[in-house]
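This is work.pdb. It holds PDB, C-alpha atoms.
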```pdb
ATOM      1  CA  MET A   1      91.339 130.896 127.583
ATOM      2  CA  ASN A   2      94.754 131.271 125.980
ATOM      3  CA  MET A   3      95.880 129.121 123.108
ATOM      4  CA  LEU A   4      98.168 126.386 124.341
ATOM      5  CA  VAL A   5      99.069 125.226 120.830
ATOM      6  CA  ASP A   6     100.677 127.312 118.098
ATOM      7  CA  THR A   7      99.793 125.389 114.942
ATOM      8  CA  VAL A   8     102.020 125.739 111.887
ATOM      9  CA  ILE A   9     100.489 124.404 108.680
ATOM     10  CA  GLU A  10     102.939 123.403 105.945
ATOM     11  CA  ASP A  11     100.457 121.192 104.069
ATOM     12  CA  ALA A  12      97.034 122.707 103.372
ATOM     13  CA  ARG A  13      95.274 119.363 103.929
ATOM     14  CA  TRP A  14      95.868 119.881 107.670
ATOM     15  CA  ASP A  15      93.984 123.196 107.613
ATOM     16  CA  THR A  16      90.975 121.596 105.934
ATOM     17  CA  PHE A  17      91.192 118.687 108.380
ATOM     18  CA  GLY A  18      91.095 120.989 111.419
ATOM     19  CA  LEU A  19      94.489 120.226 112.958
ATOM     20  CA  ALA A  20      94.585 123.401 115.077
ATOM     21  CA  PRO A  21      91.462 122.754 117.195
ATOM     22  CA  MET A  22      92.204 119.018 117.319
ATOM     23  CA  ALA A  23      95.760 119.621 118.599
ATOM     24  CA  GLU A  24      94.515 122.171 121.137
ATOM     25  CA  ARG A  25      91.916 119.728 122.478
ATOM     26  CA  ALA A  26      94.404 116.833 122.643
ATOM     27  CA  CYS A  27      97.122 118.851 124.395
ATOM     28  CA  ARG A  28      94.681 120.350 126.895
ATOM     29  CA  ALA A  29      93.341 116.894 127.762
ATOM     30  CA  ALA A  30      96.864 115.538 128.249
ATOM     31  CA  LEU A  31      97.915 118.366 130.555
ATOM     32  CA  VAL A  32      94.706 118.208 132.598
ATOM     33  CA  HIS A  33      95.150 114.430 132.954
ATOM     34  CA  LEU A  34      98.636 115.031 134.363
ATOM     35  CA  GLY A  35      97.351 117.664 136.808
ATOM     36  CA  LEU A  36      98.909 120.584 134.931
ATOM     37  CA  GLN A  37      97.262 123.938 134.127
ATOM     38  CA  PRO A  38      97.074 124.055 130.301
ATOM     39  CA  ASP A  39      97.071 127.855 130.051
ATOM     40  CA  GLY A  40     100.538 127.939 131.629
ATOM     41  CA  PHE A  41     102.160 125.995 128.779
ATOM     42  CA  ALA A  42     102.883 126.364 125.077
ATOM     43  CA  VAL A  43     103.686 123.856 122.339
ATOM     44  CA  VAL A  44     104.119 124.125 118.578
ATOM     45  CA  VAL A  45     102.407 121.530 116.361
ATOM     46  CA  MET A  46     103.401 121.498 112.700
ATOM     47  CA  GLY A  47     101.254 119.733 110.124
ATOM     48  CA  CYS A  48     103.450 118.694 107.218
ATOM     49  CA  ASP A  49     103.785 116.018 104.538
ATOM     50  CA  ASP A  50     105.938 112.909 104.182
ATOM     51  CA  ALA A  51     108.675 114.729 102.248
ATOM     52  CA  ARG A  52     109.145 117.327 105.001
ATOM     53  CA  ILE A  53     109.016 114.861 107.892
ATOM     54  CA  ALA A  54     111.496 112.562 106.104
ATOM     55  CA  VAL A  55     114.000 115.449 106.004
ATOM     56  CA  LEU A  56     113.395 116.204 109.686
ATOM     57  CA  ASN A  57     113.699 112.508 110.580
ATOM     58  CA  ALA A  58     117.009 112.323 108.670
ATOM     59  CA  ASP A  59     118.364 115.521 110.221
ATOM     60  CA  PHE A  60     117.423 114.738 113.820
ATOM     61  CA  ARG A  61     117.317 110.943 114.031
ATOM     62  CA  GLY A  62     119.504 109.790 111.135
ATOM     63  CA  LYS A  63     116.522 107.977 109.586
ATOM     64  CA  PRO A  64     115.842 109.369 106.093
ATOM     65  CA  GLN A  65     112.267 108.125 105.765
ATOM     66  CA  PRO A  66     108.848 109.440 106.674
ATOM     67  CA  THR A  67     107.358 108.779 110.089
ATOM     68  CA  ASN A  68     104.012 109.666 111.643
ATOM     69  CA  VAL A  69     105.097 112.073 114.388
ATOM     70  CA  LEU A  70     108.310 113.618 115.694
ATOM     71  CA  SER A  71     108.794 115.679 118.824
ATOM     72  CA  TRP A  72     111.492 117.971 120.149
ATOM     73  CA  PRO A  73     111.198 118.690 123.867
ATOM     74  CA  SER A  74     112.379 122.155 124.879
ATOM     75  CA  GLU A  75     114.495 120.437 127.537
ATOM     76  CA  ASP A  76     115.284 116.916 128.692
ATOM     77  CA  ARG A  77     112.661 116.038 131.276
ATOM     78  CA  ALA A  78     113.167 112.263 131.224
ATOM     79  CA  PRO A  79     113.524 110.567 134.606
ATOM     80  CA  GLU A  80     116.687 108.592 135.352
ATOM     81  CA  THR A  81     114.746 105.543 136.557
ATOM     82  CA  PRO A  82     112.947 103.501 133.874
ATOM     83  CA  GLY A  83     109.193 103.528 134.416
ATOM     84  CA  ALA A  84     109.288 106.554 136.724
ATOM     85  CA  GLU A  85     107.109 109.606 136.185
ATOM     86  CA  PRO A  86     109.065 112.562 134.804
ATOM     87  CA  ASP A  87     109.222 115.700 136.904
ATOM     88  CA  HIS A  88     106.584 117.929 135.403
ATOM     89  CA  PRO A  89     107.615 121.502 134.651
ATOM     90  CA  ALA A  90     106.062 124.412 136.480
ATOM     91  CA  ALA A  91     103.459 126.318 134.528
ATOM     92  CA  GLY A  92     104.246 129.791 133.350
ATOM     93  CA  ASP A  93     101.604 132.478 133.023
ATOM     94  CA  ALA A  94      99.560 133.860 130.165
ATOM     95  CA  ASP A  95     102.289 136.343 129.223
ATOM     96  CA  ASP A  96     105.150 133.880 129.584
ATOM     97  CA  PRO A  97     103.983 130.249 129.275
ATOM     98  CA  GLU A  98     106.395 127.367 129.829
ATOM     99  CA  GLU A  99     107.573 126.171 126.402
ATOM    100  CA  LEU A 100     107.256 122.387 126.157
ATOM    101  CA  GLY A 101     108.639 121.858 122.666
ATOM    102  CA  ASP A 102     107.677 121.162 119.076
ATOM    103  CA  ILE A 103     105.737 118.357 117.407
ATOM    104  CA  ALA A 104     105.621 117.564 113.672
ATOM    105  CA  ILE A 105     102.992 115.274 112.169
ATOM    106  CA  SER A 106     102.828 113.961 108.594
ATOM    107  CA  TRP A 107      99.637 113.799 106.552
ATOM    108  CA  GLU A 108     100.368 110.826 104.286
ATOM    109  CA  THR A 109     101.783 108.555 106.978
ATOM    110  CA  CYS A 110      98.900 109.332 109.351
ATOM    111  CA  ALA A 111      96.340 108.678 106.606
ATOM    112  CA  ARG A 112      97.980 105.354 105.649
ATOM    113  CA  GLU A 113      98.180 104.194 109.270
ATOM    114  CA  ALA A 114      94.600 105.184 110.086
ATOM    115  CA  GLU A 115      93.317 103.332 107.035
ATOM    116  CA  ALA A 116      95.443 100.245 107.771
ATOM    117  CA  GLN A 117      94.221 100.220 111.387
ATOM    118  CA  GLY A 118      90.591 100.787 110.376
ATOM    119  CA  LYS A 119      90.167 103.858 112.551
ATOM    120  CA  PRO A 120      89.092 107.429 111.878
ATOM    121  CA  MET A 121      92.033 109.640 110.972
ATOM    122  CA  ALA A 122      90.897 112.188 113.583
ATOM    123  CA  ASP A 123      91.271 109.552 116.327
ATOM    124  CA  HIS A 124      94.718 108.541 115.069
ATOM    125  CA  VAL A 125      95.933 112.143 114.786
ATOM    126  CA  THR A 126      94.624 112.948 118.278
ATOM    127  CA  HIS A 127      96.556 109.953 119.621
ATOM    128  CA  LEU A 128      99.749 111.030 117.848
ATOM    129  CA  VAL A 129      99.495 114.601 119.162
ATOM    130  CA  VAL A 130      99.028 113.250 122.710
ATOM    131  CA  HIS A 131     101.991 110.911 122.113
ATOM    132  CA  GLY A 132     104.175 113.798 120.910
ATOM    133  CA  LEU A 133     103.199 116.009 123.840
ATOM    134  CA  LEU A 134     104.030 113.245 126.318
ATOM    135  CA  HIS A 135     107.482 113.017 124.719
ATOM    136  CA  CYS A 136     107.845 116.783 125.268
ATOM    137  CA  LEU A 137     107.036 116.180 128.937
ATOM    138  CA  GLY A 138     109.752 113.530 129.373
ATOM    139  CA  TYR A 139     107.827 110.318 128.686
ATOM    140  CA  ASP A 140     109.338 107.713 126.381
ATOM    141  CA  HIS A 141     108.987 104.125 125.238
ATOM    142  CA  VAL A 142     112.628 103.015 125.024
ATOM    143  CA  THR A 143     112.372 100.554 127.911
ATOM    144  CA  ASP A 144     109.404  98.283 128.611
ATOM    145  CA  ALA A 145     108.771 100.068 131.922
ATOM    146  CA  ASP A 146     108.744 103.474 130.196
ATOM    147  CA  ALA A 147     106.471 102.179 127.423
ATOM    148  CA  ILE A 148     103.966 100.755 129.913
ATOM    149  CA  LEU A 149     103.766 104.104 131.746
ATOM    150  CA  MET A 150     103.506 106.187 128.573
ATOM    151  CA  GLU A 151     100.903 103.926 126.973
ATOM    152  CA  ARG A 152      98.806 103.926 130.156
ATOM    153  CA  HIS A 153      98.716 107.716 130.108
ATOM    154  CA  GLU A 154      97.849 107.748 126.397
ATOM    155  CA  VAL A 155      94.968 105.302 126.879
ATOM    156  CA  GLU A 156      93.604 107.292 129.845
ATOM    157  CA  ILE A 157      93.905 110.652 128.057
ATOM    158  CA  LEU A 158      92.230 109.319 124.924
ATOM    159  CA  ALA A 159      89.462 107.753 127.027
ATOM    160  CA  SER A 160      88.831 111.179 128.594
ATOM    161  CA  LEU A 161      88.211 112.395 125.033
ATOM    162  CA  GLY A 162      85.874 109.499 124.276
ATOM    163  CA  LEU A 163      88.396 107.653 122.093
ATOM    164  CA  SER A 164      89.192 103.952 122.243
ATOM    165  CA  ASP A 165      92.451 102.331 123.334
ATOM    166  CA  PRO A 166      94.844 102.629 120.358
ATOM    167  CA  TYR A 167      96.872  99.665 121.588
ATOM    168  CA  SER A 168      94.069  97.110 121.745
ATOM    169  CA  PRO A 169      93.053  95.228 118.641
ATOM    170  CA  GLY A 170      89.828  96.418 117.098
ATOM    171  CA  PRO A 171      86.748  94.277 116.528
ATOM    172  CA  ALA A 172      87.486  91.011 114.755
TER     173      ALA A 172
END
```
Re-express the file's structure as structure tokens.
Amino acid sequence: MNMLVDTVIEDARWDTFGLAPMAERACRAALVHLGLQPDGFAVVVMGCDDARIAVLNADFRGKPQPTNVLSWPSEDRAPETPGAEPDHPAAGDADDPEELGDIAISWETCAREAEAQGKPMADHVTHLVVHGLLHCLGYDHVTDADAILMERHEVEILASLGLSDPYSPGPA
């Protein structure tokens, strides 16, 4: 089995946390859910801190503050019709996998959000990696129709990993 995810660690807390195997598992589950062969694709996941992601957010989105996850698709795969499935790219092979894009995830923001939502950080990070990969595949949440489609996929992918729906309120 080839590695689908090239993990770049810029903050050592991600290494200790186990970002590389977690990202690999999340991305594989997402691709399998969508009927794609994981070994034919490649994605970069960077584990960084709030300072680094704030710079990236400012540079690429004009928002100079930290965020939980950012993604940069290798190409625009978004459908023209809101709520439509994107055209999925063809898989490459082991020697030349199809590049899907890059994902950056911030330690401090993820930790704060997981604590505020009362969920394990591993579950939250897995969700955010799935979310970032779906962006790389052309999914978005700009329109209500797009958000409904993307969230449905996220919930189904996370369920396949034994994780709960991140969009439903937890126990009261």
Response to the item:
In terms of all atoms listed in the file, the residue from A:Val5, A:Val142, A:Ala94, A:Ala114 at minimal distance from Pro21 of chain A is A:Val5
Worksheet item: Once you count all atoms listed in the file, which residues end up no further than 10 Å from (110.6, 112.1, 127.3) in the file's frame, shown as a PyMOL selection string?
Response: chain A and resi 71-73+75-79+85-86+132-142+146+150
Practice prompt. Could you check how far atom CA of Leu128 of chain A sits from atom CA of Gly18 of chain A, in Å to one decimal?
Written response: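 Between these atoms lies a distance of 14.7 Å.
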Around all the atoms of segment 157-167 of chain A listed in the file, with 6 Å of room on each side, what axis-aligned box do you get, giving centre and edge lengths in Å to one decimal, as AutoDock Vina command-line options?
```
--center_x 91.4 --center_y 106.0 --center_z 124.5 --size_x 23.0 --size_y 24.7 --size_z 20.2
```
Worksheet item: Counting only C-alpha atoms, what is within 7 Å of segment 153-159 of chain A, bar same-chain residues fewer than 6 positions away, as a list in words?
Response: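 After dropping sequence-adjacent residues, the list is Ala29, Ala30, His33, His127, Val130, His131 and Asp165 of chain A.
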Practice prompt. Mind giving me the straight-line distance from atom CA of Glu80 of chain A to atom CA of Ala145 of chain A in Å, one decimal?
Written response: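 One can read the atom CA of Glu80 of chain A to atom CA of Ala145 of chain A distance as 12.1 Å.
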Item to complete: Point out the residue among A:Leu31, A:Met46, A:Ala116, A:Pro64 with the least atom-to-atom distance to Thr7 of chain A, counting all atoms listed in the file.
Response: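 Selected residue with least distance to Thr7 of chain A: A:Met46.
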Worksheet entry | Given all atoms listed in the file as the counted atoms, nearest of A:Leu36, A:Arg28, A:Gly162, A:Trp14 to Asp87 of chain A | A:Leu36
Worksheet item: Nearest to Ser164 of chain A among A:Thr126, A:Asn68, A:Gln37, A:Asp102, with distances taken over all atoms listed in the file: which residue is it?
Response: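 Checking each candidate against Ser164 of chain A, we get A:Thr126 as the closest.
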Discussion item. To one decimal place in Å, what is the distance between atom CA of Cys27 of chain A and atom CA of Val8 of chain A?
Written reply: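 Result for atom CA of Cys27 of chain A versus atom CA of Val8 of chain A: 15.1 Å, one decimal.
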Worksheet entry | Pro97 of chain A environment, 10 Å, only C-alpha atoms, sequence neighbours closer than 2 positions dropped, as a list in words |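 After dropping sequence-adjacent residues, the list is Asn2, Leu4, Pro38, Asp39, Gly40, Phe41, Ala42, Val43, Ala90, Ala91, Gly92, Asp93, Ala94, Asp95, Glu99 and Leu100 of chain A.
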Mind writing the picked residues with C-alpha atoms as a PDB file, keeping the file's coordinate frame?
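Written output follows (part.pdb):
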```
ATOM      1  CA  ASN A   2      94.754 131.271 125.980  1.00  0.00           C
ATOM      2  CA  LEU A   4      98.168 126.386 124.341  1.00  0.00           C
ATOM      3  CA  PRO A  38      97.074 124.055 130.301  1.00  0.00           C
ATOM      4  CA  ASP A  39      97.071 127.855 130.051  1.00  0.00           C
ATOM      5  CA  GLY A  40     100.538 127.939 131.629  1.00  0.00           C
ATOM      6  CA  PHE A  41     102.160 125.995 128.779  1.00  0.00           C
ATOM      7  CA  ALA A  42     102.883 126.364 125.077  1.00  0.00           C
ATOM      8  CA  VAL A  43     103.686 123.856 122.339  1.00  0.00           C
ATOM      9  CA  ALA A  90     106.062 124.412 136.480  1.00  0.00           C
ATOM     10  CA  ALA A  91     103.459 126.318 134.528  1.00  0.00           C
ATOM     11  CA  GLY A  92     104.246 129.791 133.350  1.00  0.00           C
ATOM     12  CA  ASP A  93     101.604 132.478 133.023  1.00  0.00           C
ATOM     13  CA  ALA A  94      99.560 133.860 130.165  1.00  0.00           C
ATOM     14  CA  ASP A  95     102.289 136.343 129.223  1.00  0.00           C
ATOM     15  CA  GLU A  99     107.573 126.171 126.402  1.00  0.00           C
ATOM     16  CA  LEU A 100     107.256 122.387 126.157  1.00  0.00           C
TER      17      LEU A 100
END
```
Discussion item. Nearest residue to Arg112 of chain A out of A:Thr143, A:Ser74, A:Thr67, A:Thr81, using only C-alpha atoms?
Written reply: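 Checking each candidate against Arg112 of chain A, we get A:Thr67 as the closest.
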Discussion item. Taking all atoms listed in the file into account, name the residue in A:Lys119, A:Asp11, A:Gly83, A:Ala54 that is nearest to Glu151 of chain A.
Written reply: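 Of A:Lys119, A:Asp11, A:Gly83, A:Ala54, the one nearest Glu151 of chain A is A:Gly83, counting all atoms listed in the file.
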Discussion item. Please list as JSON, numbers by chain every residue within 7 Å of Asp49 of chain A, counting only C-alpha atoms and excluding residues in the same chain fewer than 3 positions away.
Written reply: {"A": [11, 52, 53, 106, 107, 108]}
Missing atoms in segment 23-39 of chain A need filling: write out N, CA and C atoms for it as a compact mmCIF listing (two decimals), in the frame of the given file.
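Result written to part-v7.txt:
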```txt
# COMPACT_ATOMS: atom_id res chain seq x y z
N ALA A 23 94.52 119.62 117.81
CA ALA A 23 95.76 119.62 118.60
C ALA A 23 95.55 120.33 119.93
N GLU A 24 94.81 121.43 119.90
CA GLU A 24 94.52 122.17 121.14
C GLU A 24 93.76 121.28 122.12
N ARG A 25 92.73 120.60 121.63
CA ARG A 25 91.92 119.73 122.48
C ARG A 25 92.75 118.58 123.05
N ALA A 26 93.58 117.97 122.21
CA ALA A 26 94.40 116.83 122.64
C ALA A 26 95.43 117.26 123.69
N CYS A 27 96.09 118.39 123.45
CA CYS A 27 97.12 118.85 124.40
C CYS A 27 96.51 119.28 125.72
N ARG A 28 95.36 119.96 125.66
CA ARG A 28 94.68 120.35 126.90
C ARG A 28 94.30 119.12 127.71
N ALA A 29 93.74 118.11 127.05
CA ALA A 29 93.34 116.89 127.76
C ALA A 29 94.54 116.21 128.41
N ALA A 30 95.66 116.18 127.71
CA ALA A 30 96.86 115.54 128.25
C ALA A 30 97.36 116.28 129.49
N LEU A 31 97.42 117.59 129.41
CA LEU A 31 97.92 118.37 130.56
C LEU A 31 96.98 118.27 131.76
N VAL A 32 95.68 118.35 131.51
CA VAL A 32 94.71 118.21 132.60
C VAL A 32 94.85 116.83 133.24
N HIS A 33 94.98 115.80 132.43
CA HIS A 33 95.15 114.43 132.95
C HIS A 33 96.35 114.35 133.89
N LEU A 34 97.41 115.07 133.56
CA LEU A 34 98.64 115.03 134.36
C LEU A 34 98.61 116.02 135.52
N GLY A 35 97.48 116.72 135.70
CA GLY A 35 97.35 117.66 136.81
C GLY A 35 98.04 118.99 136.55
N LEU A 36 98.24 119.33 135.28
CA LEU A 36 98.91 120.58 134.93
C LEU A 36 97.90 121.58 134.37
N GLN A 37 98.14 122.87 134.59
CA GLN A 37 97.26 123.94 134.13
C GLN A 37 97.60 124.26 132.67
N PRO A 38 96.74 123.88 131.71
CA PRO A 38 97.07 124.06 130.30
C PRO A 38 97.45 125.48 129.90
N ASP A 39 96.79 126.48 130.47
CA ASP A 39 97.07 127.86 130.05
C ASP A 39 98.46 128.33 130.45
```
